[in-house]
2 protein chains.
Amino acid sequence: MTNREQSDNKFGRKAIQVEEAQARLMNYAGAMEAETVPLEQSLGRYLAESIAAPHPFPAFNRSGMDGYAVVASDTENSRDGGMVWLKVVDNIPCGAVPAGAIIPGTAARIMTGAQVPEGADAVVMLEVTETRDLDGIPHVGVRKPIPSGRNITPLGYELKQGEQVLAAGHKIAAGDIAVLAAFGVHDVPVIRRPRVGVFATGSELLDVKEPLQPGKIRNSNSPMLEALVREAGGEPVMLGAIADELELARSKVHSALETLDLVITTGGVSVGDYDIMGDLVREEAGDMLFNKIAMRPGSVTTAAVRGGKLLLALSGNPGACFVGFQLFARPVIASMQGASESFLPEWTVVLGKDYPKVNNYFRFVRGRLEVRGGSIYAYPAAIDESSVMVTIKDSDCLIIVPPEERGLSAGAKVRAIILP
Amino acid sequence: MTNREQSDNKFGRKAIQVEEAQARLMNYAGAMEAETVPLEQSLGRYLAESIAAPHPFPAFNRSGMDGYAVVASDTENSRDGGMVWLKVVDNIPCGAVPAGAIIPGTAARIMTGAQVPEGADAVVMLEVTETRDLDGIPHVGVRKPIPSGRNITPLGYELKQGEQVLAAGHKIAAGDIAVLAAFGVHDVPVIRRPRVGVFATGSELLDVKEPLQPGKIRNSNSPMLEALVREAGGEPVMLGAIADELELARSKVHSALETLDLVITTGGVSVGDYDIMGDLVREEAGDMLFNKIAMRPGSVTTAAVRGGKLLLALSGNPGACFVGFQLFARPVIASMQGASESFLPEWTVVLGKDYPKVNNYFRFVRGRLEVRGGSIYAYPAAIDESSVMVTIKDSDCLIIVPPEERGLSAGAKVRAIILP
């Protein structure tokens, strides 16, 4: 038996497709409980329920101009340069209620955003009017006819009462906060953030604060995952790095899965002797979702379920860890927050330069987007080996290179996952 | 004198171009002081100084495979199916230091990520080897020649000592955190966040928590600006809403500018009688930067300087307030944080449908991007009036429509500002 056979045998690895791995994970990534947060803390959260408009918006006929509210038909006689004079009977600042209705022959001074009085059906902008007193009474002069409805936003123009303002699962952005505020939604129903345990395994790992030692590296994946979990809306709970000890890993995983909502590890999943996460998942085989995916980098990405909660074991290679997070952890974290769109957007883009590497698997290549002349190009990173970290920071997309017998040429249409 | 002449006279309004307005603001938006934050709190912050690699990365020749470190020339004789057997003299897990050098005829068992011993210049992957004892000593069998350098990431491959890791002004993303961690940068020098005062003016404004009243609206711009300031990296300081009273506005602005770094207001800048921010800026004319911009929406956007600090008075119209923030406030807030890229990206995209409206000014139209077949399209919002709020939430770009004598047709190439 070769070492490869021994290794495959030991792990019982059977590669599944990326979509299949995602689907298996999503079975255990249902939305968690709802909670209420103050509007000002709701940015980036996912709505737990749809919001319907409690009243029309605007809630009254609103003036779009500083000027004079008039009966439009009164202005018809101002054709041919003749000026029509209307008696000014009211002055309506923003926030005020009109004193009464406007009848033919009268007008009301009105501000932008103020409530248009009954009877008025147009607002003449201030700049094209003149004012004078006639018999001691202020009048406004209008030089040109104005069509009915002009410069008025009618009640319910933006949203009618009961119309959906925002759908459940929507991620709240700044513009949404404006809309929620306008409707008085000061306590916002959202799904709570999942608490995500993060730890790294590897006897080679130094803490970020430790001086470098021969043969060792600093643990860069944990801080990266902490940032990625936060970016995805999760609440990272940092559990440090442990040496390659199966017992330690087991107790860490088990206690984390008891108290937290999701556990993500990095390292310990390749085919070597010290790959303890692989061992851990293998020995509890009933719970394993997968331990090999037909992709590069990160083919060893492994997942298991315990007590209904997910353990996602990502590669220790920085590039593979990053890609694994974006493909598998981010959608899980979004879905646990009830997101209507859990997956990152995928666009068809133009490959900016040749990608000569031949693949047996789907390859997710770090790249950069560029837009020129209405076309969108993706440029693969100069170095996209899974072990390489520096190109993570320069990437804003993952180019999906399908299994091919020959490489891809510049100009080819490729799919790309757009990073946040 | 017409009311328009009176109004123009009162405000001394002279429209300037958008770029000119931005340039005037940027004169007062220099980077503030640096501070140090723990690495795990540095996401989204801007680097105060460039970071150079304190050591090469990787800091040693790193194995890219689980397998055996060998002298590549030893494997040449394995051609034609003949197997070469090498004496296994070391076992190097991750984080360990090799016991000694590898000499011809020997090999070391080595893990992915471990330090390659002196003398070895290739790593044969575990899966293509066999092991057996010869004379009671473990040996590894290699079936095929391996080229020198294979499966080894040489010292300094990603970054050499002293090379720039990240440049001053760079905004820290998750991938950057990995790199900073790898180099032991646990205290990160960043520019502090500007404290940004936000208040609204308007006697029509209700608090978000108040029930609706006739003629009034809830203050939706303040919570939106709070979210936008936070998104831009600023620290919002919410100063509420005030009625249209010049004295109150003056004292609020002055005390805010004394204690905060920047003040943004919304409302009170159009041409009506109650436009107190306009009055306030006018009466201190020496400090005024501009009070009219050749654009829609938000032509009345006004800015002044007092004690070296900026006051930016945005329109009270929600759409205009949003656009004004993205064009003027966001770059200021980014620049105060030392950002190397203060402005939002601008792409040339394809107009997805006709935009028939004729403009005398540059118009910034809320829109949505769509990517299809390698082309990127922007679709103008169905309603893009400045007073309309609901379409803010559905927009991910601002389409820049230049002054035209006729509208734009679907398929035209247009510039668009990409929203975050």
# chains A, B, ... in the order shown; residues from 1 in each chain; ligands from 1

$ residues_around --residues "Gly233 (chain A)" --least-positions-apart "4" --cutoff "9 Å" --atoms "only C-alpha atoms" --output "PDB file with C-alpha atoms, in the first residue's frame"
ATOM      1  CA  GLY A  44     -25.381  45.989   8.799  1.00  0.00           C
ATOM      2  CA  ARG A  45     -27.913  43.866  10.670  1.00  0.00           C
ATOM      3  CA  TYR A  46     -30.464  41.592   8.948  1.00  0.00           C
ATOM      4  CA  ARG A 193     -25.420  37.839  15.569  1.00  0.00           C
ATOM      5  CA  PRO A 194     -24.010  34.309  15.790  1.00  0.00           C
ATOM      6  CA  LEU A 228     -13.733  38.186   8.457  1.00  0.00           C
ATOM      7  CA  VAL A 229     -16.255  36.928  11.020  1.00  0.00           C
ATOM      8  CA  ARG A 330     -19.494  33.607   5.199  1.00  0.00           C
ATOM      9  CA  ILE A 333     -22.827  33.221   9.125  1.00  0.00           C
ATOM     10  CA  ALA A 334     -25.123  35.256   6.856  1.00  0.00           C
ATOM     11  CA  GLN A 337     -28.608  35.887  10.572  1.00  0.00           C
TER      12      GLN A 337
END

$ interface_residues --of "chain A" --to "chain B" --cutoff "6 Å" --atoms "only C-alpha atoms" --output "number ranges by chain"
A: 2-4, 66, 94-97, 115, 127, 130, 174-178, 181-182, 184, 203-204, 208-209, 215-216, 218, 220, 224, 227-228, 272, 348-350, 373-376, 392-393

$ select_by_dssp --residues "region 128-360 of chain A" --states "alpha helix (DSSP H)" --output "JSON, numbers by chain"
{"A": [174, 175, 176, 177, 178, 179, 180, 181, 182, 221, 222, 223, 224, 225, 226, 227, 228, 229, 230, 231, 246, 247, 248, 249, 250, 251, 252, 253, 254, 255, 256, 257, 258, 259, 276, 277, 278, 279, 280, 281, 282, 283, 318, 319, 320, 321, 322, 323, 324, 330, 331, 332, 333, 334, 335, 336]}

$ atom_distance --atom1 "CA of Arg366 (chain B)" --atom2 "CA of Tyr379 (chain B)"
8.5 Å

$ atom_distance --atom1 "CA of Glu76 (chain A)" --atom2 "CA of Ile102 (chain A)"
16.6 Å

$ closest_residue --among "B:Leu262, B:Ala69, B:Gly156, B:Ile191" --to "Val140 (chain B)" --atoms "only C-alpha atoms"
B:Ala69

$ residues_around --residues "Asn77 (chain B)" --least-positions-apart "5" --cutoff "10 Å" --atoms "only C-alpha atoms" --output "number ranges by chain"
B: 82-84, 142-145

$ closest_residue --among "A:Leu311, A:Ala21, A:Pro147, A:Arg368" --to "Val253 (chain A)" --atoms "only C-alpha atoms"
A:Leu311

$ residues_around --residues "Val237 (chain B)" --least-positions-apart "5" --cutoff "7 Å" --atoms "only C-alpha atoms" --output "list of chain:residue names"
B:Arg195, B:Val196, B:Gly197, B:Val198

$ residues_around --residues "Leu327 (chain A)" --least-positions-apart "3" --cutoff "9 Å" --atoms "only C-alpha atoms" --output "list of chain:residue names"
A:Val18, A:Gln22, A:Phe322, A:Val323, A:Gly324, A:Arg330, A:Pro331, A:Phe343, A:Leu344

$ select_by_dssp --residues "region 118-288 of chain A" --states "strand (DSSP E)" --output "VMD selection string"
chain A and resid 122 to 125 129 to 134 137 to 142 152 to 153 164 to 166 187 to 191 195 to 201 205 to 206 217 to 218 235 to 242 262 to 266 288

$ residues_around --residues "Met26 (chain B)" --least-positions-apart "3" --cutoff "12 Å" --atoms "only C-alpha atoms" --output "list in words"
Glu19, Glu20, Ala21, Gln22, Ala23, Ala29, Gly30, Ala31, Leu289, Ala303, Val305, Gly308, Lys309, Leu310, Leu327, Phe328, Ala329, Arg330, Pro331, Val332, Ile333, Ala334, Ser335, Met336, Gly338, Ala339, Ser342 and Phe343 of chain B
